[in-house]
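Structure file run-v6.cif; described as mmCIF, C-alpha atoms.
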data_upload
loop_
_atom_site.label_atom_id
_atom_site.label_comp_id
_atom_site.auth_asym_id
_atom_site.auth_seq_id
_atom_site.Cartn_x
_atom_site.Cartn_y
_atom_site.Cartn_z
CA MET L 1 95.85 145.62 84.95
CA LYS L 2 92.38 146.95 85.86
CA THR L 3 90.70 144.00 84.11
CA PHE L 4 93.00 141.58 85.93
CA VAL L 5 92.16 143.06 89.36
CA PHE L 6 88.43 143.10 88.54
CA VAL L 7 88.43 139.44 87.46
CA LEU L 8 90.53 138.45 90.50
CA ILE L 9 88.08 140.13 92.91
CA LEU L 10 85.10 138.57 91.11
CA ASP L 11 86.71 135.13 91.33
CA LEU L 12 87.47 135.56 95.05
CA ILE L 13 83.88 136.63 95.77
CA THR L 14 82.38 133.60 93.95
CA LEU L 15 84.96 131.33 95.58
CA THR L 16 84.16 132.60 99.08
CA TYR L 17 80.40 132.31 98.50
CA ALA L 18 80.58 128.82 96.99
CA THR L 19 82.93 127.32 99.60
CA PHE L 20 81.13 128.75 102.65
CA PHE L 21 77.49 128.97 101.53
CA GLY L 22 77.23 126.75 98.41
CA ASP L 23 74.71 123.91 98.32
CA TYR L 24 75.89 120.31 98.81
CA PRO L 25 74.19 116.89 98.59
CA ARG L 26 72.86 115.64 101.95
CA ILE L 27 74.35 112.14 102.05
CA PRO L 28 74.97 110.79 105.59
CA LEU L 29 77.82 108.43 104.58
CA PHE L 30 80.47 111.10 105.20
CA ASP L 31 80.75 114.73 106.23
CA ALA L 32 78.74 116.01 103.26
CA THR L 33 79.99 119.60 103.63
CA CYS L 34 83.27 118.34 102.11
CA TYR L 35 81.39 118.36 98.80
CA ARG L 36 81.86 122.14 98.66
CA ILE L 37 85.46 121.49 97.56
CA LEU L 38 83.81 120.69 94.23
CA TYR L 39 83.64 124.46 93.61
CA ILE L 40 87.45 124.61 93.82
CA HIS L 41 88.44 121.26 92.33
CA VAL L 42 86.33 121.28 89.13
CA PRO L 43 87.32 124.80 87.91
CA LEU L 44 91.00 124.05 88.62
CA ALA L 45 90.86 120.74 86.73
CA TRP L 46 89.06 122.22 83.71
CA ASP L 47 91.45 125.16 83.58
CA MET L 48 94.34 122.69 83.66
CA TYR L 49 92.90 120.79 80.66
CA PHE L 50 92.30 124.09 78.86
CA ALA L 51 95.85 125.32 79.61
CA PHE L 52 97.47 122.19 78.19
CA THR L 53 95.19 122.37 75.15
CA LEU L 54 96.41 125.94 74.56
CA THR L 55 100.01 124.75 74.90
CA PHE L 56 99.31 122.05 72.29
CA VAL L 57 97.64 124.45 69.82
CA PHE L 58 100.22 127.24 70.15
CA SER L 59 103.19 124.86 70.09
CA LEU L 60 101.85 123.42 66.85
CA LEU L 61 101.36 126.93 65.46
CA TYR L 62 104.95 127.80 66.46
CA LEU L 63 106.27 124.76 64.61
CA LEU L 64 104.31 125.76 61.51
CA ARG L 65 104.79 129.55 61.54
CA SER L 66 107.81 130.18 63.87
CA ARG L 67 106.24 133.29 65.42
CA ASP L 68 107.50 134.22 68.90
CA VAL L 69 104.03 135.13 70.17
CA PHE L 70 102.88 131.52 69.72
CA ASP L 71 105.85 130.21 71.70
CA ARG L 72 105.21 132.75 74.46
CA ILE L 73 101.55 131.74 74.89
CA ALA L 74 102.40 128.01 74.73
CA PHE L 75 105.07 128.30 77.43
CA CYS L 76 103.11 130.53 79.82
CA SER L 77 100.04 128.33 79.40
CA ALA L 78 102.10 125.23 80.26
CA ILE L 79 103.40 126.88 83.45
CA LEU L 80 99.86 127.88 84.46
CA GLY L 81 98.59 124.41 83.54
CA VAL L 82 101.13 122.82 85.89
CA LEU L 83 100.15 125.17 88.74
CA TYR L 84 96.41 124.61 88.18
CA GLY L 85 97.06 120.87 87.86
CA ILE L 86 98.86 120.74 91.22
CA GLY L 87 95.90 122.63 92.73
CA ALA L 88 93.40 120.19 91.16
CA LEU L 89 95.38 117.18 92.37
CA VAL L 90 95.72 118.47 95.95
CA SER L 91 92.06 119.52 96.21
CA GLY L 92 91.05 116.13 94.76
CA MET L 93 93.19 114.36 97.39
CA LEU L 94 91.55 116.30 100.23
CA TRP L 95 88.11 115.42 98.87
CA ALA L 96 89.11 111.78 98.40
CA LYS L 97 90.29 111.52 102.01
CA GLU L 98 86.74 112.21 103.22
CA VAL L 99 84.73 110.33 100.57
CA TRP L 100 87.10 107.51 99.51
CA HIS L 101 88.80 107.22 102.94
CA SER L 102 92.25 107.68 101.40
CA PHE L 103 94.28 110.61 100.04
CA TRP L 104 95.82 108.61 97.22
CA SER L 105 94.60 105.27 95.85
CA TRP L 106 96.31 105.00 92.42
CA ASP L 107 92.86 105.28 90.88
CA PRO L 108 93.05 105.42 87.02
CA ARG L 109 92.04 109.12 87.05
CA GLN L 110 94.59 110.01 89.74
CA THR L 111 97.39 108.06 88.06
CA THR L 112 96.85 109.35 84.52
CA THR L 113 96.50 112.97 85.71
CA LEU L 114 99.76 112.61 87.64
CA ILE L 115 101.47 111.28 84.48
CA ALA L 116 100.13 114.27 82.47
CA LEU L 117 101.34 116.68 85.11
CA LEU L 118 104.79 115.09 85.22
CA ALA L 119 105.00 115.30 81.41
CA TYR L 120 104.41 119.06 81.52
CA LEU L 121 106.80 119.47 84.45
CA CYS L 122 109.40 117.84 82.17
CA TYR L 123 108.40 120.37 79.47
CA THR L 124 109.26 123.33 81.73
CA ALA L 125 112.46 121.67 83.00
CA LEU L 126 113.58 120.79 79.46
CA ARG L 127 112.95 124.28 78.17
CA ASN L 128 114.87 125.93 81.00
CA SER L 129 117.80 123.54 80.58
CA ILE L 130 118.55 124.54 76.96
CA ARG L 131 120.66 127.69 76.69
CA ASP L 132 120.21 128.36 72.96
CA VAL L 133 116.92 130.31 72.96
CA GLU L 134 115.80 129.38 69.43
CA ARG L 135 116.60 125.71 70.01
CA ALA L 136 114.77 125.78 73.35
CA LYS L 137 111.67 127.16 71.61
CA THR L 138 111.69 124.47 68.91
CA VAL L 139 112.43 121.57 71.29
CA SER L 140 109.77 122.66 73.77
CA ALA L 141 107.22 123.12 70.95
CA VAL L 142 107.83 119.54 69.77
CA PHE L 143 107.56 118.33 73.38
CA GLY L 144 104.45 120.47 74.01
CA VAL L 145 102.62 118.89 71.07
CA SER L 146 103.59 115.29 71.83
CA ALA L 147 102.97 115.48 75.61
CA TYR L 148 99.35 116.39 74.85
CA THR L 149 98.56 112.70 74.20
CA THR L 150 98.48 112.29 78.01
CA ILE L 151 95.56 114.74 78.33
CA PRO L 152 92.76 112.85 76.51
CA ILE L 153 93.95 109.67 78.28
CA SER L 154 93.61 111.45 81.64
CA TYR L 155 90.12 112.66 80.71
CA ILE L 156 88.74 109.34 79.41
CA SER L 157 90.34 107.27 82.22
CA ALA L 158 87.30 107.82 84.46
CA ILE L 159 84.91 106.92 81.61
CA VAL L 160 86.42 103.84 79.97
CA THR L 161 87.72 102.15 83.13
CA PHE L 162 86.03 101.35 86.45
CA SER L 163 87.08 104.44 88.34
CA ARG L 164 85.96 105.78 91.70
CA HIS L 165 85.90 109.24 90.18
CA VAL L 166 82.30 110.03 89.19
CA GLN L 167 82.01 112.30 86.14
CA LEU L 168 80.07 115.54 86.50
CA PRO L 169 76.77 114.44 84.80
CA HIS L 170 76.49 111.58 87.35
CA GLN L 171 77.38 113.67 90.41
CA PRO L 172 74.49 114.03 92.91
CA LEU L 173 74.15 117.80 92.42
CA SER L 174 71.04 119.94 92.84
CA PHE L 175 70.08 122.61 90.31
CA GLU L 176 71.42 125.28 92.69
CA SER L 177 74.77 123.47 92.94
CA GLN L 178 75.00 123.22 89.17
CA ILE L 179 74.39 126.97 88.74
CA THR L 180 76.95 127.83 91.44
CA LEU L 181 79.44 125.49 89.79
CA LEU L 182 78.81 127.06 86.38
CA ILE L 183 79.48 130.55 87.80
CA ARG L 184 82.64 129.27 89.51
CA VAL L 185 83.87 127.66 86.28
CA LEU L 186 83.23 130.83 84.26
CA THR L 187 84.89 133.22 86.73
CA SER L 188 87.83 130.86 87.20
CA PHE L 189 88.21 130.58 83.43
CA ALA L 190 88.16 134.38 83.10
CA LEU L 191 90.83 134.64 85.81
CA PHE L 192 92.94 132.04 84.02
CA LEU L 193 92.82 134.05 80.79
CA ALA L 194 93.60 137.29 82.67
CA ILE L 195 96.63 135.67 84.39
CA LEU L 196 97.81 134.22 81.07
CA ARG L 197 97.56 137.61 79.38
CA PHE L 198 99.30 139.39 82.26
CA TYR L 199 102.02 136.74 82.68
CA SER L 200 102.85 136.34 78.98
CA LYS L 201 103.30 140.13 78.66
CA LYS L 202 105.27 140.44 81.89
CA ARG L 203 107.66 137.55 81.33
CA PHE L 204 108.92 138.52 77.86
CA MET S 1 131.24 140.29 33.38
CA GLY S 2 128.34 138.25 32.05
CA GLY S 3 130.30 135.03 32.77
CA LEU S 4 131.05 136.12 36.33
CA LEU S 5 127.37 136.86 36.95
CA GLY S 6 126.52 133.44 35.55
CA ILE S 7 128.86 131.71 38.02
CA ARG S 8 127.36 133.78 40.87
CA ASP S 9 123.86 132.71 39.76
CA ILE S 10 124.90 129.06 39.80
CA HIS S 11 126.38 129.48 43.34
CA LEU S 12 123.21 131.23 44.56
CA HIS S 13 121.07 128.53 42.98
CA HIS S 14 123.12 125.84 44.73
CA SER S 15 122.99 127.57 48.14
CA VAL S 16 119.19 128.01 47.85
CA GLU S 17 118.88 124.29 47.02
CA LEU S 18 121.14 123.40 49.99
CA TYR S 19 119.03 125.65 52.27
CA ASP S 20 115.80 124.03 51.04
CA CYS S 21 117.32 120.59 51.57
CA LYS S 22 118.45 121.46 55.14
CA LYS S 23 115.01 122.93 55.88
CA GLY S 24 113.36 119.77 54.57
CA VAL S 25 115.61 117.55 56.73
CA GLY S 26 114.81 119.81 59.75
CA ILE S 27 111.05 119.41 59.21
CA VAL S 28 111.37 115.62 58.83
CA ASN S 29 113.50 115.45 62.03
CA LYS S 30 110.95 117.53 63.96
CA ALA S 31 108.05 115.41 62.68
CA LEU S 32 109.82 112.13 63.51
CA THR S 33 110.73 113.31 67.02
CA LEU S 34 107.18 114.56 67.55
CA ILE S 35 105.59 111.28 66.43
CA SER S 36 107.96 109.10 68.50
CA LEU S 37 107.50 111.26 71.62
CA ALA S 38 103.72 111.32 71.16
CA PHE S 39 103.72 107.53 70.82
CA ALA S 40 105.88 107.18 73.96
CA PHE S 41 103.57 109.47 75.98
CA ALA S 42 100.46 107.67 74.71
CA LEU S 43 102.00 104.34 75.71
CA ILE S 44 102.93 105.60 79.20
CA GLY S 45 99.40 107.01 79.61
CA TYR S 46 97.75 103.81 78.41
CA LEU S 47 99.94 101.60 80.65
CA SER S 48 99.29 103.77 83.70
CA MET S 49 95.54 103.68 83.00
CA SER S 50 95.35 99.93 82.44
CA SER S 51 97.67 98.99 85.33
CA SER S 52 95.70 101.08 87.82
CA SER S 53 92.23 99.89 86.77
CA TYR S 54 90.34 97.51 89.07
CA LYS S 55 89.04 93.98 88.59
CA THR S 56 85.26 93.52 88.39
CA VAL S 57 83.42 91.00 90.56
CA SER S 58 82.70 88.88 87.45
CA ALA S 59 86.43 88.64 86.69
CA LEU S 60 86.94 86.79 90.00
CA LYS S 61 85.03 83.71 88.79
CA ASP S 62 87.99 82.76 86.57
CA LEU S 63 90.31 82.45 89.59
CA LYS S 64 90.92 78.87 90.81
CA LYS S 65 93.42 79.57 93.62
CA PRO S 66 93.48 82.19 96.40
CA LYS S 67 94.94 85.43 95.07
CA VAL S 68 95.49 89.03 96.16
CA VAL S 69 92.96 91.17 94.26
CA THR S 70 91.77 94.76 93.98
CA VAL S 71 88.06 94.62 93.11
CA ILE S 72 85.45 97.28 92.49
CA GLY S 73 81.74 96.60 93.00
CA ASN S 74 78.46 97.86 94.42
CA VAL S 75 77.56 97.02 98.01
CA THR S 76 74.51 94.70 97.87
CA LYS S 77 71.50 96.44 99.45
CA GLY S 78 70.96 95.32 103.07
CA SER S 79 74.03 93.03 103.13
CA VAL S 80 76.17 94.98 105.62
CA ARG S 81 76.59 93.24 109.01
CA VAL S 82 78.85 94.34 111.84
CA ASN S 83 79.80 91.46 114.16
CA GLU S 84 83.39 90.73 115.13
CA LEU S 85 84.24 91.60 111.54
CA LEU S 86 82.59 93.94 109.08
CA GLU S 87 80.80 91.65 106.59
CA PHE S 88 79.07 92.63 103.39
CA LYS S 89 78.54 91.53 99.80
CA ILE S 90 79.59 93.26 96.60
CA ASN S 91 78.22 92.71 93.11
CA ASP S 92 78.51 93.98 89.56
CA GLY S 93 74.96 93.14 88.51
CA ARG S 94 75.91 89.62 87.40
CA HIS S 95 78.01 88.07 90.16
CA GLU S 96 78.32 88.56 93.89
CA VAL S 97 81.07 87.82 96.46
CA LYS S 98 81.28 88.12 100.25
CA VAL S 99 83.75 90.45 101.93
CA LYS S 100 85.09 90.18 105.49
CA TYR S 101 87.05 93.08 106.90
CA ASN S 102 88.70 93.50 110.27
CA GLY S 103 88.04 97.21 110.56
CA PHE S 104 85.26 99.73 110.15
CA VAL S 105 84.22 101.75 107.12
CA ARG S 106 80.85 103.47 106.79
CA LEU S 107 79.18 101.74 103.83
CA ASP S 108 76.06 102.48 101.84
CA ASN S 109 73.61 99.72 102.91
CA VAL S 110 70.54 101.50 101.54
CA SER S 111 70.80 102.31 97.85
CA GLY S 112 72.53 99.29 96.31
CA TYR S 113 74.64 101.73 94.25
CA GLY S 114 77.33 102.49 96.85
CA ARG S 115 80.53 101.60 95.03
CA VAL S 116 83.52 100.27 97.01
CA VAL S 117 87.02 99.10 96.24
CA VAL S 118 88.17 96.05 98.19
CA ILE S 119 91.82 95.05 98.43
CA GLY S 120 92.51 91.61 99.88
CA VAL S 121 92.84 87.88 99.30
CA TYR S 122 90.08 86.19 97.31
CA TYR S 123 89.26 82.57 98.26
CA PRO S 124 87.37 80.98 95.29
CA GLN S 125 86.08 77.95 97.28
CA ASN S 126 84.12 80.26 99.67
CA LYS S 127 83.61 83.10 97.18
CA THR S 128 84.95 85.39 99.91
CA ILE S 129 87.48 88.20 100.03
CA ILE S 130 89.37 88.65 103.29
CA ALA S 131 89.99 92.37 102.90
CA SER S 132 93.04 94.23 104.12
CA ARG S 133 91.57 97.52 102.93
CA VAL S 134 88.11 98.78 102.00
CA GLU S 135 87.66 102.18 100.37
CA ALA S 136 84.50 103.90 99.15
CA SER S 137 83.83 105.83 95.92
CA CYS S 138 82.17 109.07 94.97
CA PRO S 139 78.38 108.70 95.35
CA SER S 140 76.19 108.89 92.27
CA LYS S 141 72.72 110.42 91.69
CA GLU S 142 71.07 107.08 92.62
CA VAL S 143 72.71 107.12 96.07
CA LEU S 144 71.34 110.61 96.77
CA LYS S 145 67.82 109.50 95.68
CA ALA S 146 67.94 106.58 98.15
CA TYR S 147 68.82 108.89 101.07
CA LYS S 148 66.18 111.56 100.28
#
Kindly return the structure encoded in the file as structure tokens.
Amino acid sequence: MKTFVFVLILDLITLTYATFFGDYPRIPLFDATCYRILYIHVPLAWDMYFAFTLTFVFSLLYLLRSRDVFDRIAFCSAILGVLYGIGALVSGMLWAKEVWHSFWSWDPRQTTTLIALLAYLCYTALRNSIRDVERAKTVSAVFGVSAYTTIPISYISAIVTFSRHVQLPHQPLSFESQITLLIRVLTSFALFLAILRFYSKKRF
Amino acid sequence: MGGLLGIRDIHLHHSVELYDCKKGVGIVNKALTLISLAFAFALIGYLSMSSSSYKTVSALKDLKKPKVVTVIGNVTKGSVRVNELLEFKINDGRHEVKVKYNGFVRLDNVSGYGRVVVIGVYYPQNKTIIASRVEASCPSKEVLKAYK
């Protein structure tokens, strides 16, 4: 519990600093301060990808070894992945409104991420709808492994197609912005792991 | 006694075989479901990616009749004019088309790398898009360099 509180406070401090004082590119085509949402959007999106990767790995391990701990981590990670994914999608929409002039444009990245998120929403709904606990674990593990195919598609959609979403190496970020973003990603990742640990122990 | 034990052994042997067989069928069922679901998800993902991707400016040269298009391209440096309509040109490095838009969007007229998405009707005879919507993209490193 102490670790969880420590990581939470650390994450809130870096979040507050980055969103109010973080560097942003001075481009006069839009209100450039909106770029500070990068420090929220990128960590959320990467944590979402990481969460669904954990669900894939631990679902596969459950199918091979049938150990309850694997199922527990896979399920809790999927729930967190959905929550982080909703956060990434909403923060991306707010950013897009300022830079793209539209909240939602059915851009390949937006569309494929929405599909991935819906797939994992189905995972949680499916699992909760099966009353037989052992059956629910097996069915959701099979679903958790197969739904993962949507994740690499979501990631590569902005690379292989003409997307308006610019990938991180091509973003107009200064060295200071990159360091701030790195710190935000690391603290957010630590918080994700702390929540996962806390939640998977609490729920079962 | 020995005979009875023998019968019991045969029964046990059979039940172990039956269990192994059921387990094998269970694994095959799981694997088949997993592969079919994974294929279905991959197909949905691929279709959503391909159906939402934009046309390039070069792809417009194949059109012979006016058609509603969604095109992505870079705003040609210095091409933005604001008269009664917002007029500018977009290109993909190989081809260029004109765009006319009855509205205002702040466009990058300086770098030549400002990417926009134009939704509207393309008229091949004039090489012009009468846009119903113009949306910008995330700026790249080149755009920042031009504004420094």
Subject >> chain S contacts to chain L at 6 Å (all atoms listed in the file) as JSON, numbers by chain >> reply: {"S": [34, 37, 38, 42, 45, 49, 52, 53, 135, 136, 137, 138, 140, 141]}
Deliver the residues from the most recent selection as a file, using C-alpha atoms, as a PDB file, keeping the file's coordinate frame.
ATOM      1  CA  LEU S  34     107.180 114.560  67.550  1.00  0.00           C
ATOM      2  CA  LEU S  37     107.500 111.260  71.620  1.00  0.00           C
ATOM      3  CA  ALA S  38     103.720 111.320  71.160  1.00  0.00           C
ATOM      4  CA  ALA S  42     100.460 107.670  74.710  1.00  0.00           C
ATOM      5  CA  GLY S  45      99.400 107.010  79.610  1.00  0.00           C
ATOM      6  CA  MET S  49      95.540 103.680  83.000  1.00  0.00           C
ATOM      7  CA  SER S  52      95.700 101.080  87.820  1.00  0.00           C
ATOM      8  CA  SER S  53      92.230  99.890  86.770  1.00  0.00           C
ATOM      9  CA  GLU S 135      87.660 102.180 100.370  1.00  0.00           C
ATOM     10  CA  ALA S 136      84.500 103.900  99.150  1.00  0.00           C
ATOM     11  CA  SER S 137      83.830 105.830  95.920  1.00  0.00           C
ATOM     12  CA  CYS S 138      82.170 109.070  94.970  1.00  0.00           C
ATOM     13  CA  SER S 140      76.190 108.890  92.270  1.00  0.00           C
ATOM     14  CA  LYS S 141      72.720 110.420  91.690  1.00  0.00           C
TER      15      LYS S 141
END
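The protein and nucleic acid residues lying at most 9 Å from S:Val143 are Ile27 and Pro172 of chain L; Asp108, Val110, Ser111, Gly112, Tyr113, Gly114 and Lys148 of chain S, with only C-alpha atoms considered and sequence neighbours fewer than 5 positions away removed.
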Could you save the residues just selected, with C-alpha atoms, as a compact mmCIF listing (two decimals), in the coordinates of the input?
# COMPACT_ATOMS: atom_id res chain seq x y z
CA ILE L 27 74.35 112.14 102.05
CA PRO L 172 74.49 114.03 92.91
CA ASP S 108 76.06 102.48 101.84
CA VAL S 110 70.54 101.50 101.54
CA SER S 111 70.80 102.31 97.85
CA GLY S 112 72.53 99.29 96.31
CA TYR S 113 74.64 101.73 94.25
CA GLY S 114 77.33 102.49 96.85
CA LYS S 148 66.18 111.56 100.28
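For the pair atom CA of L:Phe75 and atom CA of L:Leu94, the interatomic distance is 29.1 Å.
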Original post:
Skipping near chain neighbours, those fewer than 2 positions away, what residues fall within 8 Å of L:Leu15 using all atoms listed in the file, listed as number ranges by chain?
Top reply: L: 11-13, 17-19, 39-40, 184
Limited to C-alpha atoms, could you put the picked residues into a file as a PDB file, in the coordinates of the input?
ATOM      1  CA  ASP L  11      86.710 135.130  91.330  1.00  0.00           C
ATOM      2  CA  LEU L  12      87.470 135.560  95.050  1.00  0.00           C
ATOM      3  CA  ILE L  13      83.880 136.630  95.770  1.00  0.00           C
ATOM      4  CA  TYR L  17      80.400 132.310  98.500  1.00  0.00           C
ATOM      5  CA  ALA L  18      80.580 128.820  96.990  1.00  0.00           C
ATOM      6  CA  THR L  19      82.930 127.320  99.600  1.00  0.00           C
ATOM      7  CA  TYR L  39      83.640 124.460  93.610  1.00  0.00           C
ATOM      8  CA  ILE L  40      87.450 124.610  93.820  1.00  0.00           C
ATOM      9  CA  ARG L 184      82.640 129.270  89.510  1.00  0.00           C
TER      10      ARG L 184
END
**OP:** Between S:Leu144, S:Leu47, S:Val69, S:Leu60, single out the one closest to L:Tyr24, counting all atoms listed in the file.
**Re:**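 Closest candidate: S:Leu144.
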**OP:** Check the smallest atom-to-atom distance from each of S:Arg106, S:Lys127, S:Lys100, S:Lys30 to S:Val57 using all atoms listed in the file, then report the winner.
**Re:**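 Result for the nearest residue to S:Val57: S:Lys127.
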Do a neighbour search on S:Asn83 at 12 Å with all atoms listed in the file, toss out local chain neighbours closer than 4 positions, and write the hits as a PDB file with C-alpha atoms, keeping the file's coordinate frame.
ATOM      1  CA  GLU S  87      80.800  91.650 106.590  1.00  0.00           C
ATOM      2  CA  PHE S  88      79.070  92.630 103.390  1.00  0.00           C
ATOM      3  CA  LYS S 100      85.090  90.180 105.490  1.00  0.00           C
ATOM      4  CA  TYR S 101      87.050  93.080 106.900  1.00  0.00           C
ATOM      5  CA  ASN S 102      88.700  93.500 110.270  1.00  0.00           C
ATOM      6  CA  GLY S 103      88.040  97.210 110.560  1.00  0.00           C
ATOM      7  CA  PHE S 104      85.260  99.730 110.150  1.00  0.00           C
TER       8      PHE S 104
END
Subject >> Computed interatomic separation between atom CA of S:Tyr147 and atom CA of S:Thr76 (Å) >> reply: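 Atom-to-atom, atom CA of S:Tyr147 to atom CA of S:Thr76, that is 15.6 Å.
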**OP:** Decode the PyMOL selection byres ((chain S and resi 66) around 12) for the given file into explicit residues and return them as a PyMOL selection string.
**Re:** chain S and resi 60-65+67-69+120-130
Subject >> d(atom CA of S:Val71, atom CA of S:Leu86) in Å >> reply: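 That distance, rounded to one decimal, is 16.9 Å.
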**OP:** Select, from L:Val185, L:Val42, L:Ala74, L:Ile79, the residue with the minimum atom-to-atom distance to L:Phe58, counting only C-alpha atoms.
**Re:**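 With only C-alpha atoms as the atom set, the closest residue is L:Ala74.
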**OP:** Rank nothing, just name the residue among L:Ile179, L:Val133, L:Leu83, L:Leu121 nearest to L:Asp23, using all atoms listed in the file.
**Re:**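 Residue with the minimum atom-to-atom distance to L:Asp23: L:Ile179.
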